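Shown below: start.txt, with compact mmCIF, C-alpha atoms and all ligand atoms.
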```txt
# COMPACT_ATOMS: atom_id res chain seq x y z
CA MET A 1 16.40 -15.58 12.41
CA SER A 2 18.90 -18.32 13.29
CA ALA A 3 18.10 -21.49 15.23
CA SER A 4 19.58 -20.19 18.51
CA THR A 5 17.45 -17.02 18.44
CA SER A 6 14.19 -18.78 17.53
CA PHE A 7 13.20 -20.00 21.01
CA PRO A 8 10.25 -18.32 22.77
CA ARG A 9 11.26 -15.72 25.35
CA HIS A 10 10.09 -15.95 28.98
CA GLY A 11 10.18 -13.55 31.88
CA ASP A 12 9.51 -9.92 32.72
CA LYS A 13 12.97 -8.49 33.38
CA GLN A 14 13.95 -5.75 30.95
CA ASN A 15 17.37 -5.93 29.34
CA SER A 16 19.42 -3.10 27.90
CA ALA A 17 19.54 -2.30 24.18
CA PHE A 18 23.19 -3.43 24.29
CA PHE A 19 22.14 -6.89 25.52
CA GLU A 20 19.36 -7.34 22.96
CA GLU A 21 21.58 -6.23 20.07
CA TYR A 22 24.54 -8.47 20.94
CA LEU A 23 22.39 -11.44 21.97
CA GLU A 24 21.09 -11.55 18.42
CA ARG A 25 24.42 -10.85 16.72
CA LEU A 26 26.45 -13.28 18.85
CA LEU A 27 24.00 -16.16 18.44
CA GLU A 28 23.58 -15.62 14.71
CA GLU A 29 27.33 -15.61 14.22
CA ARG A 30 27.66 -18.69 16.45
CA ASP A 31 25.12 -20.52 14.29
CA THR A 32 26.49 -19.47 10.90
CA THR A 33 30.10 -20.33 11.77
CA GLY A 34 28.97 -23.81 12.84
CA LEU A 35 30.07 -23.40 16.48
CA THR A 36 26.54 -24.07 17.81
CA GLY A 37 26.64 -27.42 16.02
CA MET A 38 30.17 -28.29 17.16
CA ILE A 39 29.57 -27.69 20.89
CA ASP A 40 27.17 -30.02 22.66
CA GLU A 41 26.08 -30.91 26.21
CA ILE A 42 27.68 -30.30 29.60
CA ASP A 43 29.69 -33.52 29.96
CA ALA A 44 31.00 -32.90 33.49
CA ILE A 45 31.22 -30.32 36.25
CA MET A 46 34.39 -29.72 38.29
CA ILE A 47 34.56 -28.90 41.99
CA THR A 48 37.65 -28.51 44.20
CA VAL A 49 37.66 -29.04 47.97
CA ASP A 50 40.20 -28.43 50.73
CA PRO A 51 42.56 -31.15 52.04
CA GLY A 52 40.73 -33.89 53.94
CA HIS A 53 37.26 -33.00 52.65
CA SER A 54 36.71 -35.13 49.58
CA ILE A 55 35.81 -38.42 51.30
CA ARG A 56 33.00 -36.81 53.28
CA TYR A 57 31.91 -34.75 50.28
CA VAL A 58 31.62 -37.87 48.12
CA GLY A 59 29.59 -39.45 50.96
CA GLU A 60 27.34 -36.37 51.07
CA LEU A 61 26.82 -36.41 47.30
CA ALA A 62 26.20 -40.17 47.29
CA LEU A 63 23.38 -39.68 49.82
CA MET A 64 21.86 -36.48 48.42
CA THR A 65 22.16 -37.18 44.69
CA PRO A 66 21.87 -40.17 42.31
CA TYR A 67 25.65 -40.11 41.68
CA HIS A 68 27.89 -43.17 41.97
CA TYR A 69 31.58 -43.27 42.75
CA LEU A 70 33.49 -44.58 39.76
CA VAL A 71 37.23 -44.08 40.18
CA THR A 72 39.92 -41.78 41.58
CA LEU A 73 42.61 -40.20 39.40
CA GLU A 74 45.72 -39.50 41.43
CA SER A 75 48.21 -36.87 40.31
CA GLU A 76 51.10 -35.28 42.24
CA ASN A 77 49.08 -32.67 44.17
CA HIS A 78 45.47 -33.78 43.75
CA TRP A 79 43.05 -36.65 43.98
CA THR A 80 40.22 -36.30 41.46
CA HIS A 81 37.20 -38.51 42.15
CA VAL A 82 34.90 -39.24 39.21
CA LEU A 83 31.19 -39.58 40.05
CA ARG A 84 28.66 -40.68 37.45
CA VAL A 85 24.97 -41.48 36.99
CA ASP A 86 25.26 -42.64 33.37
CA MET A 87 26.37 -41.30 29.99
CA ASN A 88 23.15 -39.28 29.61
CA SER A 89 23.94 -36.83 32.43
CA PRO A 90 27.10 -34.93 33.34
CA ASP A 91 29.79 -36.42 35.59
CA PHE A 92 30.91 -34.79 38.84
CA LEU A 93 34.68 -34.38 39.15
CA VAL A 94 35.48 -33.79 42.82
CA ARG A 95 39.10 -32.86 43.25
CA GLU A 96 40.90 -32.59 46.56
CA VAL A 97 44.04 -30.55 47.03
CA LYS A 98 46.55 -32.73 48.95
CA ASP A 99 48.68 -30.05 50.57
CA PRO A 100 47.11 -27.04 52.37
CA ASN A 101 50.11 -24.89 51.44
CA ILE A 102 49.69 -25.25 47.71
CA ARG A 103 48.89 -21.97 46.00
CA GLY A 104 47.45 -21.41 42.56
CA ILE A 105 45.09 -19.45 40.38
CA PHE A 106 41.89 -21.11 41.62
CA ARG A 107 42.81 -20.59 45.24
CA SER A 108 43.63 -16.94 44.58
CA LEU A 109 40.06 -16.44 43.29
CA ASN A 110 38.82 -17.30 46.79
CA GLU A 111 41.35 -15.38 48.79
CA VAL A 112 40.21 -11.81 48.29
CA TYR A 113 36.69 -12.52 49.58
CA PRO A 114 36.02 -12.61 53.32
CA ILE A 115 34.07 -15.88 53.52
CA GLY A 116 35.54 -17.43 50.37
CA ALA A 117 38.99 -17.12 51.96
CA SER A 118 37.98 -19.25 54.95
CA LYS A 119 37.88 -22.34 52.66
CA PRO A 120 40.60 -21.32 50.24
CA ASN A 121 40.52 -24.38 47.99
CA SER A 122 36.79 -25.03 48.02
CA ARG A 123 35.11 -23.79 44.91
CA TYR A 124 33.09 -24.80 41.92
CA MET A 125 35.46 -24.54 38.96
CA GLY A 126 33.23 -24.87 35.90
CA GLU A 127 31.87 -27.14 33.22
CA ILE A 128 33.33 -29.46 30.62
CA LEU A 129 31.42 -29.26 27.32
CA ARG A 130 31.46 -32.13 24.82
CA VAL A 131 32.67 -31.25 21.33
CA ASP A 132 33.17 -33.17 18.07
CA ASP A 133 36.39 -31.45 17.06
CA LEU A 134 38.46 -29.99 19.88
CA HIS A 135 40.99 -28.24 17.69
CA SER A 136 38.38 -26.45 15.56
CA VAL A 137 36.34 -25.30 18.57
CA ALA A 138 39.35 -24.06 20.54
CA SER A 139 40.88 -22.19 17.60
CA CYS A 140 37.53 -20.65 16.65
CA GLN A 141 37.04 -19.45 20.25
CA GLN A 142 40.57 -18.05 20.36
CA LYS A 143 39.80 -16.05 17.21
CA ARG A 144 36.71 -14.69 19.00
CA GLY A 145 38.91 -13.39 21.82
CA PHE A 146 38.67 -16.17 24.41
CA ARG A 147 41.85 -17.15 26.20
CA PHE A 148 42.89 -20.67 27.10
CA PHE A 149 45.44 -22.22 29.42
CA SER A 150 48.43 -23.62 27.51
CA GLN A 151 49.06 -27.38 27.53
CA ASP A 152 51.94 -26.76 29.92
CA GLN A 153 49.70 -24.79 32.29
CA ILE A 154 47.04 -27.55 32.15
CA ARG A 155 49.71 -30.08 33.10
CA LYS A 156 50.88 -27.91 36.02
CA LEU A 157 47.29 -27.30 37.16
CA GLU A 158 46.76 -31.09 37.03
CA LEU A 159 43.65 -30.84 34.89
CA PRO A 160 42.92 -33.62 32.35
CA GLY A 161 45.36 -33.32 29.45
CA ASN A 162 42.69 -34.04 26.83
CA LEU A 163 40.80 -30.79 27.59
CA ALA A 164 41.03 -27.28 26.19
CA VAL A 165 40.46 -25.11 29.29
CA SER A 166 39.48 -21.43 29.16
CA LYS A 167 40.91 -18.87 31.56
CA PRO A 168 38.45 -18.04 34.40
CA SER A 169 35.70 -15.67 33.33
CA PRO A 170 36.15 -12.11 34.67
CA TYR A 171 32.40 -12.06 35.37
CA THR A 172 31.66 -15.49 36.90
CA HIS A 173 35.20 -16.70 37.75
CA ASN A 174 34.16 -20.04 36.24
CA ILE A 175 36.13 -21.89 33.59
CA VAL A 176 34.72 -23.65 30.55
CA ALA A 177 36.58 -26.67 29.21
CA TYR A 178 36.03 -28.57 25.97
CA MET A 179 36.47 -32.32 25.64
CA GLU A 180 36.40 -34.17 22.33
CA ARG A 181 34.23 -37.26 22.47
CA PRO A 182 32.05 -38.96 19.87
CA HIS A 183 28.63 -39.45 21.41
CA ALA A 184 28.91 -43.24 21.53
CA ASP A 185 32.29 -43.26 23.33
CA MET A 186 32.86 -43.39 27.09
CA ARG A 187 34.18 -40.31 28.89
CA VAL A 188 37.91 -40.44 29.48
CA TYR A 189 39.87 -37.97 31.60
CA ALA A 190 43.58 -38.05 30.79
CA LEU A 191 44.91 -37.44 34.29
CA GLY A 192 47.16 -39.29 36.74
CA ILE A 193 46.89 -42.89 37.86
CA SER A 194 43.41 -44.36 38.24
CA GLU A 195 42.45 -46.41 41.25
CA ILE A 196 39.24 -47.31 43.08
CA ARG A 197 40.11 -46.07 46.56
CA PRO A 198 38.85 -48.44 49.28
CA ASP A 199 38.18 -45.58 51.76
CA ILE A 200 36.06 -43.68 49.23
CA GLN A 201 34.33 -46.87 48.12
CA GLU A 202 33.38 -47.67 51.72
CA VAL A 203 31.83 -44.24 52.38
CA TYR A 204 30.09 -44.34 48.99
CA GLN A 205 28.58 -47.79 49.59
CA ALA A 206 27.38 -46.86 53.09
CA ALA A 207 25.65 -43.76 51.67
CA LYS A 208 23.98 -45.78 48.90
CA GLU A 209 22.74 -48.38 51.38
CA LEU A 210 21.34 -45.58 53.54
CA GLN A 211 19.69 -44.05 50.44
CA LYS A 212 17.97 -47.41 49.85
CA ARG A 213 16.87 -47.78 53.47
CA LEU A 214 15.42 -44.28 53.40
CA ALA A 215 13.53 -45.19 50.18
CA ILE A 216 14.86 -42.14 48.34
CA ALA A 217 17.30 -43.83 45.94
CA ASP A 218 14.95 -43.85 42.94
CA LEU A 219 13.42 -40.44 43.58
CA ILE A 220 16.39 -38.09 43.10
CA LEU A 221 17.27 -37.39 39.46
CA PRO A 222 20.41 -35.86 37.89
CA ILE A 223 21.27 -32.13 37.79
CA ASP A 224 18.46 -29.84 36.69
CA HIS A 225 20.26 -26.50 36.76
CA LEU A 226 23.44 -24.77 37.92
CA ALA A 227 22.97 -21.30 39.43
CA THR A 228 25.82 -18.76 39.37
CA ARG A 229 25.75 -15.47 41.24
CA VAL A 230 27.42 -12.41 39.77
CA TYR A 231 27.76 -8.72 40.57
CA CYS A 232 24.82 -6.54 39.58
CA GLN A 233 26.67 -4.81 36.76
CA ASN A 234 27.84 -8.12 35.24
CA ARG A 235 24.45 -9.76 34.72
CA GLU A 236 24.15 -9.17 30.99
CA VAL A 237 27.81 -9.73 30.09
CA ALA A 238 27.96 -12.96 32.13
CA ILE A 239 24.99 -14.33 30.16
CA LEU A 240 26.36 -13.22 26.79
CA GLU A 241 29.83 -14.60 27.57
CA TRP A 242 28.38 -18.01 28.54
CA LEU A 243 26.24 -18.09 25.38
CA SER A 244 29.39 -17.37 23.34
CA LEU A 245 31.27 -20.23 25.00
CA SER A 246 28.45 -22.80 24.83
CA SER A 247 25.59 -23.83 22.55
CA TYR A 248 22.94 -22.52 24.95
CA TYR A 249 20.17 -20.01 24.21
CA TYR A 250 18.63 -17.26 26.28
CA TRP A 251 15.37 -18.54 27.85
CA GLY A 252 14.54 -15.37 29.75
CA SER A 253 14.84 -13.37 32.97
CA TYR A 254 12.53 -12.79 35.89
CA ASP A 255 12.65 -9.76 38.11
CA ILE A 256 12.44 -10.85 41.77
CA LYS A 257 11.52 -7.41 43.11
CA ASP A 258 11.08 -8.56 46.72
CA GLN A 259 14.74 -9.51 46.90
CA ASN A 260 16.03 -6.76 44.58
CA SER A 261 17.40 -9.42 42.27
CA SER A 262 16.78 -11.25 39.01
CA THR A 263 17.00 -14.86 37.87
CA ASN A 264 18.24 -15.37 34.32
CA VAL A 265 17.96 -18.72 32.56
CA THR A 266 19.86 -20.21 29.60
CA LYS A 267 19.23 -23.68 28.17
CA SER A 268 20.78 -26.10 25.69
CA VAL A 269 19.87 -25.58 22.04
CA HIS A 270 20.41 -29.30 21.46
CA HIS A 271 18.57 -30.94 24.36
CA ARG A 272 15.09 -30.18 25.64
CA SER A 273 15.62 -32.11 28.87
CA GLU A 274 17.76 -30.54 31.59
CA ILE A 275 18.68 -34.05 32.75
CA ARG A 276 20.73 -34.37 29.54
CA SER A 277 22.38 -30.94 29.83
CA PRO A 278 21.50 -28.79 32.86
CA ALA A 279 20.15 -25.27 32.48
CA LYS A 280 22.60 -22.53 33.48
CA VAL A 281 21.08 -19.83 35.63
CA PHE A 282 22.58 -16.47 36.57
CA THR A 283 21.40 -14.44 39.53
CA ALA A 284 22.32 -10.81 40.08
CA ASN A 285 21.16 -7.95 42.26
CA ASN A 286 19.13 -5.22 40.55
CA THR A 287 21.15 -2.43 42.18
CA PRO A 288 24.83 -2.35 43.27
CA TYR A 289 25.69 -2.45 46.97
CA PHE A 290 26.79 1.19 47.21
CA VAL A 291 23.35 2.62 46.43
CA ASN A 292 21.76 0.53 49.13
CA HIS A 293 22.15 3.10 51.87
CA LEU A 294 19.87 5.27 49.72
CA GLU A 295 17.43 2.62 48.53
CA LYS A 296 17.20 0.46 51.68
CA LEU A 297 16.41 -2.66 49.62
CA PRO A 298 17.29 -6.24 50.56
CA SER A 299 20.42 -7.37 48.71
CA PRO A 300 21.19 -11.01 49.53
CA THR A 301 22.57 -11.73 46.06
CA GLU A 302 25.04 -8.83 46.00
CA THR A 303 26.03 -9.64 49.60
CA PHE A 304 26.78 -13.25 48.62
CA VAL A 305 29.03 -12.12 45.76
CA ARG A 306 30.85 -9.68 48.01
CA ASN A 307 31.42 -12.41 50.59
CA TYR A 308 32.40 -15.31 48.32
CA GLY A 309 33.21 -13.70 44.99
CA PRO A 310 31.22 -14.44 41.85
CA ARG A 311 30.73 -18.19 41.74
CA LEU A 312 28.29 -21.06 41.62
CA HIS A 313 25.72 -20.77 44.41
CA HIS A 314 23.69 -23.97 44.06
CA ILE A 315 23.28 -27.21 42.19
CA ALA A 316 19.63 -28.12 41.64
CA LEU A 317 18.56 -31.75 41.35
CA ALA A 318 15.19 -32.80 39.99
CA VAL A 319 12.94 -34.99 42.12
CA ARG A 320 10.73 -37.51 40.33
CA ASP A 321 7.09 -36.39 40.13
CA GLY A 322 4.82 -38.54 42.30
CA GLU A 323 4.13 -39.51 45.90
CA THR A 324 5.75 -41.84 48.46
CA ASP A 325 4.01 -42.87 51.70
CA GLY A 326 1.20 -40.38 51.01
CA ARG A 327 3.60 -37.43 50.65
CA GLU A 328 4.84 -35.68 47.56
CA ASN A 329 8.26 -37.10 46.68
CA ILE A 330 10.14 -33.88 47.44
CA GLU A 331 8.61 -33.74 50.94
CA HIS A 332 9.58 -37.38 51.49
CA VAL A 333 13.17 -36.89 50.26
CA VAL A 334 13.69 -33.82 52.45
CA LYS A 335 12.17 -35.44 55.55
CA GLN A 336 14.41 -38.51 55.16
CA ILE A 337 17.62 -36.55 54.55
CA ALA A 338 16.87 -34.02 57.29
CA ALA A 339 16.47 -36.97 59.72
CA GLN A 340 20.15 -37.80 59.01
CA GLY A 341 21.16 -34.41 60.40
CA ARG A 342 21.38 -32.36 57.20
CA ASP A 343 19.82 -28.92 57.60
CA PHE A 344 17.51 -27.27 55.12
CA LEU A 345 17.16 -23.51 55.02
CA LEU A 346 13.37 -23.50 55.05
CA ASP A 347 10.40 -25.78 54.47
CA VAL A 348 9.53 -27.05 51.02
CA ILE A 349 7.83 -24.14 49.23
CA GLY A 350 5.58 -23.84 46.17
CA SER A 351 2.54 -25.93 45.26
CA LYS A 352 1.00 -28.21 42.67
CA GLU A 353 -1.04 -25.26 41.40
CA GLN A 354 2.12 -23.21 40.83
CA GLY A 355 3.62 -26.16 38.92
CA LEU A 356 6.57 -26.95 41.19
CA LYS A 357 7.94 -27.26 44.70
CA GLN A 358 11.48 -26.32 45.73
CA ILE A 359 13.83 -26.25 48.71
CA PHE A 360 17.44 -25.26 49.51
CA SER A 361 19.73 -27.31 51.75
CA SER A 362 22.24 -25.52 53.95
CA ALA A 363 25.60 -24.93 52.24
CA SER A 364 27.91 -27.95 52.21
CA GLU A 365 30.78 -27.58 54.67
CA HIS A 366 33.01 -29.17 52.03
CA SER A 367 32.16 -27.32 48.81
CA SER A 368 30.15 -24.33 50.17
CA LEU A 369 27.51 -25.30 47.60
CA ILE A 370 23.79 -25.48 48.34
CA VAL A 371 21.73 -28.38 46.98
CA GLU A 372 18.32 -27.42 45.64
CA TYR A 373 15.61 -30.02 45.13
CA VAL A 374 12.90 -29.23 42.63
CA GLN A 375 9.81 -31.31 41.87
CA ARG A 376 7.74 -30.32 38.84
CA PHE A 377 4.14 -31.48 38.60
CA GLY A 378 2.66 -32.92 35.41
CA ASP A 379 4.02 -31.26 32.29
CA PHE A 380 5.13 -28.00 33.95
CA ASP A 381 8.44 -27.00 32.37
CA GLY A 382 9.11 -23.68 34.12
CA PHE A 383 11.98 -23.03 36.50
CA PHE A 384 10.34 -21.39 39.43
CA ALA A 385 7.43 -19.47 40.82
CA LYS A 386 8.46 -15.90 41.58
CA ASP A 387 7.29 -16.15 45.20
CA ASN A 388 9.46 -19.26 45.65
CA VAL A 389 12.59 -17.57 44.35
CA ALA A 390 12.04 -14.61 46.65
CA GLU A 391 11.72 -16.94 49.65
CA LEU A 392 14.71 -19.09 48.66
CA THR A 393 16.89 -16.05 48.06
CA HIS A 394 15.88 -14.59 51.39
CA ALA A 395 16.58 -17.84 53.28
CA ALA A 396 20.04 -18.22 51.71
CA GLY A 397 20.77 -14.62 52.66
CA VAL A 398 19.89 -15.23 56.30
CA GLU A 399 22.24 -18.22 56.50
CA GLU A 400 24.98 -16.18 54.95
CA GLU A 401 24.64 -13.38 57.46
CA LEU A 402 25.39 -16.00 60.12
CA LEU A 403 28.44 -17.23 58.20
CA GLU A 404 29.59 -13.64 57.79
CA LEU A 405 29.36 -13.11 61.54
CA GLN A 406 31.33 -16.33 62.15
CA ALA A 407 33.99 -15.26 59.63
CA GLN A 408 34.28 -11.86 61.32
CA ALA A 409 34.53 -13.50 64.73
CA ARG A 410 37.49 -15.55 63.47
CA VAL A 411 39.24 -12.41 62.20
CA ASP A 412 38.51 -10.23 65.26
FE FE B 501 17.63 -22.77 41.54
```
Do you think you could lay out the structure here as structure tokens?
Ligand SMILES: [Fe+2]
Amino acid sequence: MSASTSFPRHGDKQNSAFFEEYLERLLEERDTTGLTGMIDEIDAIMITVDPGHSIRYVGELALMTPYHYLVTLESENHWTHVLRVDMNSPDFLVREVKDPNIRGIFRSLNEVYPIGASKPNSRYMGEILRVDDLHSVASCQQKRGFRFFSQDQIRKLELPGNLAVSKPSPYTHNIVAYMERPHADMRVYALGISEIRPDIQEVYQAAKELQKRLAIADLILPIDHLATRVYCQNREVAILEWLSLSSYYYWGSYDIKDQNSSTNVTKSVHHRSEIRSPAKVFTANNTPYFVNHLEKLPSPTETFVRNYGPRLHHIALAVRDGETDGRENIEHVVKQIAAQGRDFLLDVIGSKEQGLKQIFSSASEHSSLIVEYVQRFGDFDGFFAKDNVAELTHAAGVEEELLELQAQARVD
């Protein structure tokens, strides 16, 4: 047994014999070739938004997360804002497309989906993983069949020139990029001209002052997990592909029967704490949409993928365990943020006895991403209670039906 296959398995969802066989073989080969050791934590996540949206999105993130605005990298067709907590958690790269008429590969991923098309440039792009030796990792992955953008394509896409960037996954539509950085060095993104933009700085500072006034600034922690939704039939291959590209292991899968869906968790081999390198979660329906007229089962996950395409659904942030003003911290954080006009899809659900409490915000009008808050009690290290996931999945599905109706109304 290799290191990456030695972690205890969780969950009750059955996988196919294909999955179990290749999980073992892929991870063993990854360990023996040294790739597991060469690829480390998620160093940054990349999000693109439509023209005119990045200032307000940075303001939203500055209020709802612990992130700070650092600098803007300006290139010909994009502004890329770098947001950071510290060097122990991934950066956010928020990139705004300057011209609404610009077309490109990432936009085309949105355009064939009815709701995705309504915000053509808004999408989560993927993760940047830290590596010790960029050339070795990229050439090893190429030998294993992964495709990368050429240096010329990276320059035209206006992505940082010091990255090796994979082509979008056929299963998740996400990209994985590798960045060489010794652990002790600062993160550097080789892109455009850097400037602290006064308009962004102003919105950022106002949000941070509000965060302090609301007494939530010290309660929200960095990213806990990133949850991607994929088509039913791509659940196993999406997990195996991600494990091949990263140094993550398979934690396990839970069947959420109520919502005809499953939640599948992978975690970093190198870091126990999600704060250091967030867990990557994949959600997929149990049955494909075209059998639903026979089965009559709820299918919010498959419906989401059909409306937006496979993509990241939510970013979960941890909330510090404890109480503020006689309320659990998560209840306090949600009450304070909701009072500023931000909607949440339901009340905080879960309990101390179950080990955690969770909630989903409404989807951001800028990125289409939902923010999840999760507070774990004591030493609980699980990801969810099954009842919670069923309720969260249902609530997100209800909001989406409304968005679907709005999108149809625009077309009709
Ligand atoms: Fe989640």
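Between Pro222 of chain A and the candidates A:Pro90, A:Pro198, A:Gly378, A:Gly161, the tightest atom-to-atom separation, counting all atoms listed in the file, involves A:Pro90.
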Neighbours of ligand FE 501 (chain B) within 7 Å, counting all atoms listed in the file, as a short mmCIF file (atom, residue, chain, number, x, y, z; two decimals) with C-alpha atoms, keeping the file's coordinate frame?
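This went into part-v8.cif:
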```cif
data_model
loop_
_atom_site.label_atom_id
_atom_site.label_comp_id
_atom_site.auth_asym_id
_atom_site.auth_seq_id
_atom_site.Cartn_x
_atom_site.Cartn_y
_atom_site.Cartn_z
CA HIS A 225 20.26 -26.50 36.76
CA ALA A 227 22.97 -21.30 39.43
CA HIS A 314 23.69 -23.97 44.06
CA ALA A 316 19.63 -28.12 41.64
CA GLU A 372 18.32 -27.42 45.64
#
```
Query raised in the report: For Pro8 of chain A, which residue out of A:Gly252, A:Tyr204, A:Ala164, A:Asp199 is the nearest one, using all atoms listed in the file?
Result: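 Closest residue, counting all atoms listed in the file: A:Gly252.
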Report summary line: Of A:Ile200, A:Ile39, A:Phe304, A:Gly116, the one nearest to Leu61 of chain A when counting all atoms listed in the file is A:Ile200
Write out, as a Markdown table, each residue of segment 32-81 of chain A that has an atom at most 9 Å from segment 24-28 of chain A, together with the closest pair of atoms and their distance in Å to one decimal, counting all atoms listed in the file, rows going by chain and rising number.
```
| residue | atom | partner | partner_atom | distance |
| --- | --- | --- | --- | --- |
| A:Thr32 | CA | A:Glu28 | CA | 6.1 |
| A:Thr33 | CA | A:Glu28 | CA | 8.6 |
| A:Thr36 | CA | A:Leu27 | CA | 8.3 |
```
**Report entry** 8 Å contact set for segment 272-275 of chain A, only C-alpha atoms, chain neighbours under 4 positions out, as a ChimeraX atom specification
**Finding:** /A:88-89,221-225,267-268,279
Requested in this report: For Phe360 of chain A, work out the shell of residues within 12 Å, counting only C-alpha atoms and skipping chain neighbours fewer than 5 positions away, then give it as a ChimeraX atom specification.
Outcome: /A:313-317,330,334,338,342-349,369-374,388-389,391-397,399
Query raised in the report: Please, what distance in Å, to one decimal, runs between atom CA of Gly34 of chain A and atom CA of Ser16 of chain A?
Result: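 The value is 27.3 Å.
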**Report entry** Polymer residues at most 7 Å from segment 232-240 of chain A, all atoms listed in the file, same-chain spacing of 2 or more positions, as a PyMOL selection string
**Finding:** chain A and resi 19+23+171-172+230+242-244+284-288+302
Query - Polymer residues at most 10 Å from Ser351 of chain A, all atoms listed in the file, same-chain spacing of 6 or more positions, as a ChimeraX atom specification - result: /A:357-358,375-377,385,388
Report task. Skip Ala117 of chain A itself and residues of its chain fewer than 6 positions away, then list as a list in words all residues within 8 Å of it, counting only C-alpha atoms. Result ->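 With the cut-off at 8 Å, the set is Asn110, Glu111 and Tyr308 of chain A.
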Query raised in the report: When you draw a straight line from atom CA of Asp255 of chain A to atom CA of Asp387 of chain A, how long is it in Å?
Result: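 These atoms are spaced 10.9 Å apart.
The smallest atom-to-atom distance between Pro114 of chain A and any of A:Tyr67, A:Tyr178, A:Gly309, A:Ala339, using only C-alpha atoms, is found for A:Gly309.
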